[in-house]
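Heads up, the thing below is written out as structure tokens.
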Amino acid sequence: MSLLGTVKNPGLKKELFQFTQGIEVDAQLCKQEIQVQKAWLESLVKISLVTKENASKLSAALDEALALMISGQFPWRVEDEDIHMNLERFITEKLGELGKQLHLGRSRNDLIATTLRLFVRDNLDVIGKDLVFVIDALCDKAESTAEIIVPGSTHLQHAQPVRFGHILAAHGWGLLRDLGKIQEASKLAMLAMPLGSAALAGTTLTIDLSELAARLGFSSPPQNSYDAVGDRDFMMLAMEAFASTAMHLSRLSEDFIFWSSTPVGLLRLPKNWSTGSSIMPNKRNPDVPELIRGKASHIMGAVANGYLLLKGLPTSYDSDLHELKSVYLRSQAELQKCLHVLVPFIQEVEINADRAGQLLASGHLLATEIANHLTAQGVSFREAYGQTAALVEAAESAGVSVEKLSAEKSKSIAPNLNPTWLATLNFKNTVEFRHQAGGTSLARTREGIANLRAKVLVFG
């Protein structure tokens with residue numbers, strides 16, 4: 001019979017144990033579980049329900065259990081259902097009746113709710129650090145490519161020239177916002193400690209819950225015991241932060257896939273982080289960004305999975321909440337894989353500067369500059385827009401870029417166009433003219449990258 005077996009609940013069916021146990025998931029929470037167990041034990045000592053001598057024995061047994069769990073040698077039993085009861089059985093087998101004192105005044109409900117909050121907080125710290133490495137890698141690559149000018153796009157159509165480093169930094173700013181979301185999720189996880197809520201109605205022990213909460217790193221003790229044992233909003237907020245991060249990683253990956261495609265050829269895939277075809281020896285495939293793009297769907301889908309699990313649950317604790325742990329763990333694990341592999345991919349990917357120059361010749365990228373120039377000459381913007389569109393049409397008929405249209409033809413369409421100015425029009429001057437905050441001039445691009453690094457340091 002299991003540790004929880006009674007005449008009322010014999011629990012004799014092996015199939016029932018297999019269906020209800022969550023050991024594979026719970027085992028990953030072992031460090032935080034022991035942390036909470038020890039904190040509760042210390043509180044029992046403070047109110048004289050456990051002697052210091054017995055507490056020392058219990059603490060040593062908890063340490064032994066943790067070491068066995070980490071090494072994979074702990075004697076798990078599915079009939080004990082979860083990590084809490086496996087621990088109690090392990091300690092009781094070692095210390096006899098003394099082991100049965102550990103669960104005094106609490107429930108598995110408030111214990112797992114507290115352990116989960118610490119676990120999620122610790123996960124978010126790791127994810128945040130991994131994300132910082134990705135942003136740092138983007139900043140490094142942005143700095144090294146800041147002087148390379150490429151076609152900027154909207155709707156995947158060439159639009160205006162920008163610095164490649166400026167585009168990479170743009171991805172970094174999106175990921176920086178994700179860092180902020182991760183930080184907010186971490187704060188929510190540690191806002192109120194569930195421990196002391198017991199099963200649902202609160203503990204009867206005279207433990208100083210405010211002191212215990214502070215010791216575990218929480219901002220406050222339980223605010224409502226009924227809510228505390230069933231609240232998993234902190235896990236949902238964490239998965240929302242993961243989903244947002246995955247979305248930004250997917251968009252970055254899509255850019256890498258597009259830039260490295262044969263028709264574009266702007267990037268050379270890193271040999272160490274891409275593979276060839278099984279039949280075509282001439283090919284190299286963007287496996288890393290493609291798989292990140294694919295895994296992003298799982299990470300984003302976890303949010304919907306989580307909300308579907310929670311939406312129909314009555315207030316307080318329900319066994320359905322066990323399932324949310326698996327959803328969270330899969331989401332977190334997939335995101336970490338993506339973050340880990342993306343750093344070396346970014347570090348080793350190369351930009352083809354020659355191809356960048358070739359691409360600039362397609363799409364009349366300097367047309368907006370001509371319209372702005374005409375406006376500066378006193379032409380209304382809409383009239384300047386129309387004249388420039390006519391210039392583009394004439395250039396296409398002549399088979400040249402708009403800025404290379406003959407002076408005579410240009411003057412006939414746009415009388416206010418200054419030929420001296422037109423002779424100085426080029427891609428470098430165009431990006432340098434964007435020297436307002438957030439612009440594409442070299443100084444502003446480097447400034448933006450430096451600002452991004454500085455903000456990342458705050459999270460680091």
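Just so we're on the same page: first chain in the structure tokens is A, next is B, and so on; residues restart at 1 for each chain, and ligands are numbered from 1 in the order they show up.
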
Report as a tab-separated table: every residue of stretch 10-73 of chain A with an atom at most 12 Å from stretch 211-224 of chain A, its closest pair of atoms, and their distance in Å to one decimal, counting only C-alpha atoms, with rows sorted by chain and ascending residue number.
residue	atom	partner	partner_atom	distance
A:Gln32	CA	A:Leu216	CA	10.1
A:Glu33	CA	A:Leu216	CA	11.7
A:Ile34	CA	A:Leu216	CA	11.8
A:Gln35	CA	A:Leu216	CA	8.2
A:Val36	CA	A:Leu216	CA	7.6
A:Gln37	CA	A:Leu216	CA	10.9
A:Lys38	CA	A:Leu216	CA	10.2
A:Ala39	CA	A:Leu212	CA	7.1
A:Trp40	CA	A:Leu212	CA	7.8
A:Leu41	CA	A:Leu212	CA	10.5
A:Glu42	CA	A:Leu212	CA	8.9
A:Ser43	CA	A:Leu212	CA	7.1
A:Leu44	CA	A:Leu212	CA	10.7
A:Lys46	CA	A:Leu212	CA	10.6

Name all residues at most 9 Å from A:Leu252 (count only C-alpha atoms; drop same-chain ones fewer than 3 positions away) and give them as a PyMOL selection string. chain A and resi 168+171+247-249+255-257+289+293

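The coordinates place atom CA of A:Ala389 at 12.4 Å from atom CA of A:Gly363.
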
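You will find atom CA of A:Ile149 at 27.1 Å from atom CA of A:Gly386.
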
If we count only C-alpha atoms, what is near A:Val150 at a cut-off of 6 Å, once residues fewer than 2 positions away on the same chain are taken out, given as a PyMOL selection string? chain A and resi 161-164+356

So what do you get for atom CA of A:Thr388 versus atom CA of A:Arg434, distance-wise? 19.9 Å

Contact table stretch 81-142 of chain A vs stretch 187-200 of chain A, cut-off 12 Å, shortest pair per residue, only C-alpha atoms, as JSON lines:
{"residue": "A:His103", "atom": "CA", "partner": "A:Ala198", "partner_atom": "CA", "distance": 10.3}
{"residue": "A:Leu104", "atom": "CA", "partner": "A:Ala198", "partner_atom": "CA", "distance": 9.9}
{"residue": "A:Gly105", "atom": "CA", "partner": "A:Ala198", "partner_atom": "CA", "distance": 6.9}
{"residue": "A:Arg106", "atom": "CA", "partner": "A:Ala198", "partner_atom": "CA", "distance": 4.4}
{"residue": "A:Ser107", "atom": "CA", "partner": "A:Ala198", "partner_atom": "CA", "distance": 4.6}
{"residue": "A:Arg108", "atom": "CA", "partner": "A:Ala199", "partner_atom": "CA", "distance": 7.1}
{"residue": "A:Asn109", "atom": "CA", "partner": "A:Ala199", "partner_atom": "CA", "distance": 5.3}
{"residue": "A:Asp110", "atom": "CA", "partner": "A:Leu195", "partner_atom": "CA", "distance": 5.0}
{"residue": "A:Leu111", "atom": "CA", "partner": "A:Leu195", "partner_atom": "CA", "distance": 6.0}
{"residue": "A:Ile112", "atom": "CA", "partner": "A:Leu195", "partner_atom": "CA", "distance": 8.8}
{"residue": "A:Ala113", "atom": "CA", "partner": "A:Pro194", "partner_atom": "CA", "distance": 6.1}
{"residue": "A:Thr114", "atom": "CA", "partner": "A:Pro194", "partner_atom": "CA", "distance": 5.4}
{"residue": "A:Thr115", "atom": "CA", "partner": "A:Leu195", "partner_atom": "CA", "distance": 9.0}
{"residue": "A:Leu116", "atom": "CA", "partner": "A:Ala189", "partner_atom": "CA", "distance": 8.6}
{"residue": "A:Arg117", "atom": "CA", "partner": "A:Ala189", "partner_atom": "CA", "distance": 5.1}
{"residue": "A:Leu118", "atom": "CA", "partner": "A:Ala189", "partner_atom": "CA", "distance": 7.4}
{"residue": "A:Phe119", "atom": "CA", "partner": "A:Ala189", "partner_atom": "CA", "distance": 9.2}
{"residue": "A:Val120", "atom": "CA", "partner": "A:Ala189", "partner_atom": "CA", "distance": 7.1}
{"residue": "A:Arg121", "atom": "CA", "partner": "A:Ala189", "partner_atom": "CA", "distance": 6.2}
{"residue": "A:Asp122", "atom": "CA", "partner": "A:Ala189", "partner_atom": "CA", "distance": 10.0}
{"residue": "A:Asn123", "atom": "CA", "partner": "A:Ala189", "partner_atom": "CA", "distance": 11.0}
{"residue": "A:Leu124", "atom": "CA", "partner": "A:Ala189", "partner_atom": "CA", "distance": 9.8}
{"residue": "A:Asp125", "atom": "CA", "partner": "A:Lys187", "partner_atom": "CA", "distance": 11.0}

Can I get the selected residues back with N, CA and C atoms, as a PDB file, in the first residue's frame?
ATOM      1  N   HIS A 103       5.531  16.779   7.392  1.00  0.00           N
ATOM      2  CA  HIS A 103       4.352  17.286   6.667  1.00  0.00           C
ATOM      3  C   HIS A 103       3.403  18.069   7.572  1.00  0.00           C
ATOM      4  N   LEU A 104       3.786  18.253   8.807  1.00  0.00           N
ATOM      5  CA  LEU A 104       2.919  18.884   9.801  1.00  0.00           C
ATOM      6  C   LEU A 104       2.462  20.275   9.365  1.00  0.00           C
ATOM      7  N   GLY A 105       1.143  20.511   9.385  1.00  0.00           N
ATOM      8  CA  GLY A 105       0.592  21.849   9.187  1.00  0.00           C
ATOM      9  C   GLY A 105       0.516  22.334   7.747  1.00  0.00           C
ATOM     10  N   ARG A 106       0.740  21.457   6.803  1.00  0.00           N
ATOM     11  CA  ARG A 106       0.707  21.904   5.410  1.00  0.00           C
ATOM     12  C   ARG A 106       0.072  20.822   4.545  1.00  0.00           C
ATOM     13  N   SER A 107      -0.047  21.117   3.251  1.00  0.00           N
ATOM     14  CA  SER A 107      -0.642  20.203   2.286  1.00  0.00           C
ATOM     15  C   SER A 107       0.269  20.106   1.069  1.00  0.00           C
ATOM     16  N   ARG A 108       0.059  19.065   0.288  1.00  0.00           N
ATOM     17  CA  ARG A 108       0.769  19.015  -1.001  1.00  0.00           C
ATOM     18  C   ARG A 108       0.340  20.180  -1.898  1.00  0.00           C
ATOM     19  N   ASN A 109      -0.862  20.687  -1.660  1.00  0.00           N
ATOM     20  CA  ASN A 109      -1.373  21.763  -2.508  1.00  0.00           C
ATOM     21  C   ASN A 109      -0.556  23.043  -2.377  1.00  0.00           C
ATOM     22  N   ASP A 110      -0.327  23.477  -1.135  1.00  0.00           N
ATOM     23  CA  ASP A 110       0.464  24.711  -0.973  1.00  0.00           C
ATOM     24  C   ASP A 110       1.951  24.441  -1.177  1.00  0.00           C
ATOM     25  N   LEU A 111       2.368  23.196  -0.973  1.00  0.00           N
ATOM     26  CA  LEU A 111       3.775  22.859  -1.173  1.00  0.00           C
ATOM     27  C   LEU A 111       4.143  22.928  -2.660  1.00  0.00           C
ATOM     28  N   ILE A 112       3.343  22.307  -3.526  1.00  0.00           N
ATOM     29  CA  ILE A 112       3.681  22.325  -4.952  1.00  0.00           C
ATOM     30  C   ILE A 112       3.511  23.727  -5.530  1.00  0.00           C
ATOM     31  N   ALA A 113       2.523  24.465  -5.031  1.00  0.00           N
ATOM     32  CA  ALA A 113       2.310  25.825  -5.533  1.00  0.00           C
ATOM     33  C   ALA A 113       3.515  26.707  -5.222  1.00  0.00           C
ATOM     34  N   THR A 114       4.126  26.475  -4.051  1.00  0.00           N
ATOM     35  CA  THR A 114       5.313  27.252  -3.673  1.00  0.00           C
ATOM     36  C   THR A 114       6.540  26.778  -4.440  1.00  0.00           C
ATOM     37  N   THR A 115       6.716  25.465  -4.493  1.00  0.00           N
ATOM     38  CA  THR A 115       7.858  24.899  -5.218  1.00  0.00           C
ATOM     39  C   THR A 115       7.853  25.342  -6.683  1.00  0.00           C
ATOM     40  N   LEU A 116       6.681  25.337  -7.293  1.00  0.00           N
ATOM     41  CA  LEU A 116       6.563  25.734  -8.697  1.00  0.00           C
ATOM     42  C   LEU A 116       6.978  27.184  -8.908  1.00  0.00           C
ATOM     43  N   ARG A 117       6.612  28.049  -7.993  1.00  0.00           N
ATOM     44  CA  ARG A 117       6.967  29.463  -8.129  1.00  0.00           C
ATOM     45  C   ARG A 117       8.490  29.654  -8.084  1.00  0.00           C
ATOM     46  N   LEU A 118       9.143  28.956  -7.178  1.00  0.00           N
ATOM     47  CA  LEU A 118      10.606  29.038  -7.114  1.00  0.00           C
ATOM     48  C   LEU A 118      11.228  28.438  -8.372  1.00  0.00           C
ATOM     49  N   PHE A 119      10.667  27.329  -8.831  1.00  0.00           N
ATOM     50  CA  PHE A 119      11.189  26.665 -10.022  1.00  0.00           C
ATOM     51  C   PHE A 119      11.062  27.574 -11.247  1.00  0.00           C
ATOM     52  N   VAL A 120       9.889  28.177 -11.422  1.00  0.00           N
ATOM     53  CA  VAL A 120       9.669  29.070 -12.558  1.00  0.00           C
ATOM     54  C   VAL A 120      10.579  30.288 -12.462  1.00  0.00           C
ATOM     55  N   ARG A 121      10.715  30.848 -11.252  1.00  0.00           N
ATOM     56  CA  ARG A 121      11.620  31.986 -11.067  1.00  0.00           C
ATOM     57  C   ARG A 121      13.045  31.623 -11.493  1.00  0.00           C
ATOM     58  N   ASP A 122      13.510  30.464 -11.065  1.00  0.00           N
ATOM     59  CA  ASP A 122      14.865  30.036 -11.414  1.00  0.00           C
ATOM     60  C   ASP A 122      14.995  29.790 -12.918  1.00  0.00           C
ATOM     61  N   ASN A 123      13.969  29.189 -13.527  1.00  0.00           N
ATOM     62  CA  ASN A 123      13.963  28.972 -14.981  1.00  0.00           C
ATOM     63  C   ASN A 123      14.054  30.292 -15.727  1.00  0.00           C
ATOM     64  N   LEU A 124      13.263  31.252 -15.275  1.00  0.00           N
ATOM     65  CA  LEU A 124      13.229  32.552 -15.949  1.00  0.00           C
ATOM     66  C   LEU A 124      14.579  33.254 -15.857  1.00  0.00           C
ATOM     67  N   ASP A 125      15.267  33.084 -14.755  1.00  0.00           N
ATOM     68  CA  ASP A 125      16.613  33.651 -14.621  1.00  0.00           C
ATOM     69  C   ASP A 125      17.552  33.048 -15.671  1.00  0.00           C
TER      70      ASP A 125
END

Residue neighbourhood A:Ile413, 8 Å, only C-alpha atoms, exclusion window fewer than 4 positions, as a ChimeraX atom specification: /A:387,390-391,409

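Counting only C-alpha atoms and comparing A:Thr92, A:His158, A:Arg355, A:Phe133, the residue that lies closest to A:Pro263 is A:Arg355.
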
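Residue nearest A:Glu383, chosen from A:Pro314, A:Pro270, A:Pro415, A:Gly99 and counting only C-alpha atoms: A:Pro415.
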
To test your reading of the structure, identify every residue in stretch 136-384 of chain A that backbone DSSP assigns to strand (DSSP E), and report it as a ChimeraX atom specification. /A:149-154,157-163,267-268,275-276,284-285,350-351

Name all residues at most 12 Å from A:Ala414 (count only C-alpha atoms; drop same-chain ones fewer than 2 positions away) and give them as a ChimeraX atom specification. /A:370-371,373-375,377,379,383-392,394,405-412,416-419,422

What does the file look like for those residues with N, CA and C atoms, as a tab-separated table (two decimals), in the first residue's frame?
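Final output, saved to selection-v3.tsv:
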chain	number	residue	atom	x	y	z
A	370	ILE	N	14.69	61.45	-53.72
A	370	ILE	CA	14.40	62.44	-54.77
A	370	ILE	C	13.12	63.20	-54.44
A	371	ALA	N	12.09	62.47	-53.98
A	371	ALA	CA	10.84	63.13	-53.60
A	371	ALA	C	11.07	64.13	-52.47
A	373	HIS	N	13.85	65.68	-51.82
A	373	HIS	CA	14.62	66.80	-52.37
A	373	HIS	C	13.69	67.79	-53.08
A	374	LEU	N	12.76	67.27	-53.88
A	374	LEU	CA	11.83	68.15	-54.57
A	374	LEU	C	10.97	68.94	-53.59
A	375	THR	N	10.59	68.29	-52.51
A	375	THR	CA	9.82	68.98	-51.48
A	375	THR	C	10.63	70.13	-50.88
A	377	GLN	N	12.68	71.85	-52.41
A	377	GLN	CA	12.75	72.90	-53.44
A	377	GLN	C	11.43	73.67	-53.55
A	379	VAL	N	8.28	72.17	-53.86
A	379	VAL	CA	7.20	71.39	-54.48
A	379	VAL	C	6.40	70.71	-53.37
A	383	GLU	N	2.81	66.42	-55.12
A	383	GLU	CA	3.29	66.69	-56.47
A	383	GLU	C	4.67	66.07	-56.66
A	384	ALA	N	5.52	66.20	-55.62
A	384	ALA	CA	6.86	65.60	-55.69
A	384	ALA	C	6.77	64.08	-55.81
A	385	TYR	N	5.82	63.51	-55.09
A	385	TYR	CA	5.60	62.05	-55.14
A	385	TYR	C	5.23	61.63	-56.56
A	386	GLY	N	4.33	62.37	-57.19
A	386	GLY	CA	3.90	62.04	-58.55
A	386	GLY	C	5.03	62.19	-59.55
A	387	GLN	N	5.81	63.25	-59.42
A	387	GLN	CA	6.92	63.46	-60.34
A	387	GLN	C	7.97	62.35	-60.19
A	388	THR	N	8.23	61.96	-58.95
A	388	THR	CA	9.22	60.90	-58.71
A	388	THR	C	8.72	59.57	-59.27
A	389	ALA	N	7.43	59.29	-59.12
A	389	ALA	CA	6.87	58.07	-59.69
A	389	ALA	C	7.05	58.06	-61.20
A	390	ALA	N	6.88	59.23	-61.83
A	390	ALA	CA	7.09	59.33	-63.28
A	390	ALA	C	8.56	59.12	-63.64
A	391	LEU	N	9.44	59.61	-62.78
A	391	LEU	CA	10.88	59.39	-62.99
A	391	LEU	C	11.21	57.89	-62.92
A	392	VAL	N	10.61	57.20	-61.95
A	392	VAL	CA	10.83	55.76	-61.80
A	392	VAL	C	10.36	55.03	-63.05
A	394	ALA	N	10.09	56.19	-66.05
A	394	ALA	CA	10.99	56.50	-67.16
A	394	ALA	C	12.30	55.72	-67.01
A	405	LEU	N	19.00	58.15	-64.30
A	405	LEU	CA	18.29	58.66	-65.46
A	405	LEU	C	19.00	59.92	-65.98
A	406	SER	N	19.00	60.13	-67.26
A	406	SER	CA	19.73	61.28	-67.81
A	406	SER	C	19.20	62.59	-67.23
A	407	ALA	N	20.11	63.55	-67.10
A	407	ALA	CA	19.74	64.85	-66.53
A	407	ALA	C	18.65	65.51	-67.36
A	408	GLU	N	18.76	65.37	-68.66
A	408	GLU	CA	17.77	65.99	-69.55
A	408	GLU	C	16.38	65.40	-69.32
A	409	LYS	N	16.30	64.07	-69.24
A	409	LYS	CA	15.02	63.40	-69.03
A	409	LYS	C	14.47	63.74	-67.65
A	410	SER	N	15.35	63.74	-66.66
A	410	SER	CA	14.93	64.04	-65.30
A	410	SER	C	14.34	65.45	-65.21
A	411	LYS	N	15.01	66.40	-65.88
A	411	LYS	CA	14.58	67.79	-65.83
A	411	LYS	C	13.24	67.98	-66.52
A	412	SER	N	13.00	67.19	-67.54
A	412	SER	CA	11.74	67.32	-68.26
A	412	SER	C	10.55	66.84	-67.43
A	416	ASN	N	12.13	71.05	-61.00
A	416	ASN	CA	12.81	71.58	-59.82
A	416	ASN	C	13.96	70.71	-59.34
A	417	LEU	N	14.20	69.61	-60.01
A	417	LEU	CA	15.28	68.71	-59.60
A	417	LEU	C	16.63	69.36	-59.89
A	418	ASN	N	17.46	69.47	-58.85
A	418	ASN	CA	18.77	70.10	-58.97
A	418	ASN	C	19.77	69.07	-59.49
A	419	PRO	N	20.31	69.25	-60.70
A	419	PRO	CA	21.24	68.26	-61.27
A	419	PRO	C	22.53	68.13	-60.48
A	422	LEU	N	21.67	65.91	-57.68
A	422	LEU	CA	21.45	64.56	-58.18
A	422	LEU	C	22.78	63.83	-58.42
